[in-house]
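Notes follow the structure.
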Amino acid sequence: MRGLNQIATDLPVLNTAALNRIQTFAGGARLTLTPALGLLLIACFAASIGVAQAQAASGHPSVLATLWKWMPLILKGFVFNIAISFLAMAIGTFFGMFLGLAQISLFRPVRKGAWFATHFFRNAPWLVLLFYCMFLLPFKFTLFGVTIPFPDWMKATLGLSLPVMANVSEIVRGAIQSIPTGQWESAYSLAFNRRQTLWMIILPQGVKRMLPPWMNVYCILAVGTVLASVVGVQEVMTLTGDALSAENRPELLMPFYGFVLLLFFAYCYPIARWTVAMERKYAVKI
Amino acid sequence: MQEFFDWFRWLYDATGINLTIFYDSFDRSRFVNGFLTTLKLAASCVTLSVAVGVVGAWLQGSRLNFTRRVVYWYIQLFRNTPPLVQLYFFYFGIGHLVKGASGVPLVTNMQWAIFALSLYAGAFNVEIFRSGIEAVPRATIEAAESLGFSRLRAYVLIVLPLAFRISLPALNNNLVNLVKTTSISYAIAVPEMLYVSNQIWSDSVNVPEMMNVLLICYVSLVGILVWLMHKWENAMRVPGFGTV
């Protein structure tokens, strides 16, 4: 029904059961990136250039030439986006892990507080958190007489890492709670204390379960970094906007923004495929 | 009511907490309109994106390879690119092409925002509904077929109601995300809550107060949505499925 008939399985029997299992964990129709489909995207992009070219007044350089001219700038902005996403992911993961552990604390106020922080930052819009950090954090710190500048992009990174922290916190909590209670009990019976059980037995098993959702969060963050343009960080959207206003040719709007879309797609799609593959690999076999 | 408003003026004089949206009638009407615009935006996007999800999930189960591929690439394209860039692409890129005779845009920025955000959230909804549909036991569909239901009728009358119940928790998550994402229409000057708050704090220089008001408004908006969805989830629960 779904074009799943050619799945290789070495099982001599139970073919349908194997099919069902793969279908359940495949996370979608299992279409591979055939050359024809990959070309489809590029064809769409080329079509948008064609439309733009048809509209262009004579006497201007062609749309493709203009795009080529600005490409280094746009790519530089894109690399900056990726750098922001790495940094925000690192900060968010670090704090999110502790927040997640605090959510399963035995001490009630800590548990409740961590729960509230997690849900607060999960439920607040990214853009609002970004504005929050942008306006309410100082632009420099003075620590022991040393002035440390705190530039815009750093503030935006912090603002982006807040929702990441909350999401990672939920992932950590979920992964820990998905480990069977028997693991805890057998660790206790071997005289491990709570901390040892958590760090040496529960978390190592949980990492496998955390990885796919964690990568999902990374994808969401990577596409979320463009929000920083709204608060004035010089990243890919801002630079594209600058390039467009420098050219002042409305027919360029679609190919330029289309190019940015394509950049993000080229970056995130492989990660998404990888996540799906990993999910399938680590899925609990029924 | 006037006393209630005056109390905020007193609060400003006494503590310096400047909540103009309560005592200043101009700011108040601006903020209320912004809040209503956000509500309208959220309600339209939620409805449309669910519709996109239902239709997309149906097309994804189609027998035609071509239809399935189109839906697959639609989902991948919209899931893996930033919603803000999508919004810009539609509003600036396509909006530039769709113009009336006198150069007046045919589609307003509000309509573009609804369109772009619905497509964005719809891509996630298709996946959510698809997983719900896959969870419906095959035997149920076979039973429907044996009773003479056509593919469409079995889908609408039997598969969808069951799948909908199974996918409600995931749908809940996505709709919360959608309500939060409506704030990015700030970027194309849709006068929603974030946009008017920006105007207000530019005029009255009360950034921290407005930021807090904004956060509280969004968190309560999301809270109301989650509460409603939970009520609905409980009301639609199929006996014998899930926990009590």
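To be explicit about the labels: the chains of the structure tokens are called A, B, and onward in the order shown, and within each one the residues are counted from 1, while ligands get numbers from 1 in the order they are shown.
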
Would you tabulate, counting only C-alpha atoms, all residues of chain B that have an atom at most 6 Å from an atom of chain A, showing the closest pair of atoms and their distance in Å to one decimal, sorted by chain then ascending number, as CSV?
```
residue,atom,partner,partner_atom,distance
B:Asn80,CA,A:Phe265,CA,5.3
B:Thr81,CA,A:Phe265,CA,5.3
B:Pro82,CA,A:Val223,CA,4.3
B:Phe89,CA,A:Tyr257,CA,5.4
B:Gly93,CA,A:Met254,CA,3.8
B:Lys180,CA,A:Pro125,CA,4.6
B:Val219,CA,A:Ala124,CA,5.8
```

Test item: residues at most 10 Å from Tyr91 (chain B), only C-alpha atoms, excluding those fewer than 2 positions along its chain, as an NGL selection string: (:A and (253-254)) or (:B and (85-89 or 93-98 or 107-113 or 115-116 or 188))

For Ala163 (chain B), the nearest of the candidates B:Phe4, B:Phe31, B:Trp58, B:Trp73, counting only C-alpha atoms: B:Trp58

Those of region 14-227 of chain B in DSSP alpha helix (DSSP H), formatted as a VMD selection string: chain B and resid 14 to 15 20 to 23 25 to 60 65 to 79 83 to 88 95 to 97 109 to 135 138 to 146 151 to 154 160 to 181 193 to 204 207 to 227

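Using only C-alpha atoms, the shortest contact distance between Ile104 (chain A) and any of A:Lys76, A:Arg249, A:Lys155, A:Arg173 is found at A:Arg173.
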
Shell around Val226 (chain B) at 10 Å using only C-alpha atoms, local window under 2 positions removed, as a ChimeraX atom specification: /B:169,172-173,175-176,220-224,228-232

Residues of the last selection are to be written out with N, CA and C atoms, as a JSON list (two decimals), in the first residue's frame.
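Done, and the output landed in part.json:
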```json
[["chain", "number", "residue", "atom", "x", "y", "z"],
["B", 169, "PRO", "N", -3.04, 14.03, 21.50],
["B", 169, "PRO", "CA", -1.94, 14.56, 22.31],
["B", 169, "PRO", "C", -0.85, 15.23, 21.47],
["B", 172, "ASN", "N", -2.11, 18.46, 20.03],
["B", 172, "ASN", "CA", -2.09, 19.42, 21.12],
["B", 172, "ASN", "C", -0.76, 20.16, 21.16],
["B", 173, "ASN", "N", 0.33, 19.36, 21.15],
["B", 173, "ASN", "CA", 1.67, 19.93, 21.17],
["B", 173, "ASN", "C", 1.92, 20.87, 20.01],
["B", 175, "LEU", "N", -0.26, 22.42, 18.10],
["B", 175, "LEU", "CA", -1.09, 23.63, 18.11],
["B", 175, "LEU", "C", -0.55, 24.65, 19.10],
["B", 176, "VAL", "N", -0.01, 24.16, 20.22],
["B", 176, "VAL", "CA", 0.63, 25.08, 21.17],
["B", 176, "VAL", "C", 1.77, 25.80, 20.46],
["B", 220, "SER", "N", -0.77, 32.50, 29.24],
["B", 220, "SER", "CA", -2.17, 32.18, 29.58],
["B", 220, "SER", "C", -2.95, 31.76, 28.33],
["B", 221, "LEU", "N", -2.62, 32.36, 27.20],
["B", 221, "LEU", "CA", -3.28, 31.94, 25.95],
["B", 221, "LEU", "C", -3.01, 30.47, 25.67],
["B", 222, "VAL", "N", -1.73, 30.08, 25.81],
["B", 222, "VAL", "CA", -1.36, 28.68, 25.60],
["B", 222, "VAL", "C", -2.02, 27.81, 26.67],
["B", 223, "GLY", "N", -2.05, 28.33, 27.90],
["B", 223, "GLY", "CA", -2.68, 27.57, 28.98],
["B", 223, "GLY", "C", -4.14, 27.28, 28.69],
["B", 224, "ILE", "N", -4.86, 28.28, 28.17],
["B", 224, "ILE", "CA", -6.27, 28.08, 27.85],
["B", 224, "ILE", "C", -6.42, 27.03, 26.76],
["B", 228, "LEU", "N", -8.37, 23.50, 27.13],
["B", 228, "LEU", "CA", -9.48, 23.14, 26.24],
["B", 228, "LEU", "C", -9.22, 21.80, 25.55],
["B", 229, "MET", "N", -7.95, 21.65, 25.07],
["B", 229, "MET", "CA", -7.62, 20.42, 24.35],
["B", 229, "MET", "C", -7.70, 19.21, 25.29],
["B", 230, "HIS", "N", -7.30, 19.39, 26.54],
["B", 230, "HIS", "CA", -7.38, 18.29, 27.49],
["B", 230, "HIS", "C", -8.82, 17.91, 27.76],
["B", 231, "LYS", "N", -9.67, 18.92, 27.91],
["B", 231, "LYS", "CA", -11.09, 18.65, 28.13],
["B", 231, "LYS", "C", -11.65, 17.85, 26.96],
["B", 232, "TRP", "N", -11.26, 18.29, 25.78],
["B", 232, "TRP", "CA", -11.75, 17.67, 24.56],
["B", 232, "TRP", "C", -11.25, 16.23, 24.47]]
```

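Of note, CA of Thr47 (chain B) and CA of Phe124 (chain B) are spaced 13.8 Å apart.
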
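The coordinates place CA of Thr157 (chain A) at 14.2 Å from CA of Pro138 (chain A).
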
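If you count only C-alpha atoms and ignore residues fewer than 3 places along the chain from region 178-182 of chain A, what sits within 9 Å of it is Arg173, Gly174, Ala175, Glu185, Ser186, Ala187, Ile202, Gln205, Gly206 and Arg209 of chain A.
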
Asn125 (chain B) surroundings by only C-alpha atoms, 9 Å radius, close-in-sequence under 2 positions cut, as a ChimeraX atom specification: /B:49-54,56-57,121-123,127-130,170-171,174-175

For Tyr195 (chain B): contacts at 12 Å, only C-alpha atoms, fewer than 3 positions along chain excluded, given as a PyMOL selection string: (chain A and resi 127-128+131+230) or (chain B and resi 30-31+33-35+37-38+182-192+198-202+210-211+214)

Ser25 (chain B) surroundings by only C-alpha atoms, 12 Å radius, close-in-sequence under 6 positions cut, as a list in words: Gln2, Phe5, Asp6, Arg9, Leu19, Phe31 and Val32 of chain B

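Scanning region 97-243 of chain A with DSSP on the backbone, the strand (DSSP E or B) assignments fall on Lys140, Phe141, Thr142, Leu143, Val146, Thr147, Ile148 and Pro149 of chain A.
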
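The shortest atom-to-atom distance to Arg63 (chain B), with only C-alpha atoms taken into account, belongs to B:Arg151 out of B:Arg151, B:Ala144, B:Gly103, B:Gln76.
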
Which region 198-283 of chain A residues have any atom within 7 Å of an atom of region 72-75 of chain A, and for each, what is the nearest pair of atoms with distance in Å to one decimal, counting only C-alpha atoms, rows sorted by chain and number, as JSON lines?
```
{"residue": "A:Val236", "atom": "CA", "partner": "A:Ile74", "partner_atom": "CA", "distance": 5.7}
{"residue": "A:Leu239", "atom": "CA", "partner": "A:Ile74", "partner_atom": "CA", "distance": 6.2}
{"residue": "A:Thr240", "atom": "CA", "partner": "A:Ile74", "partner_atom": "CA", "distance": 6.1}
```
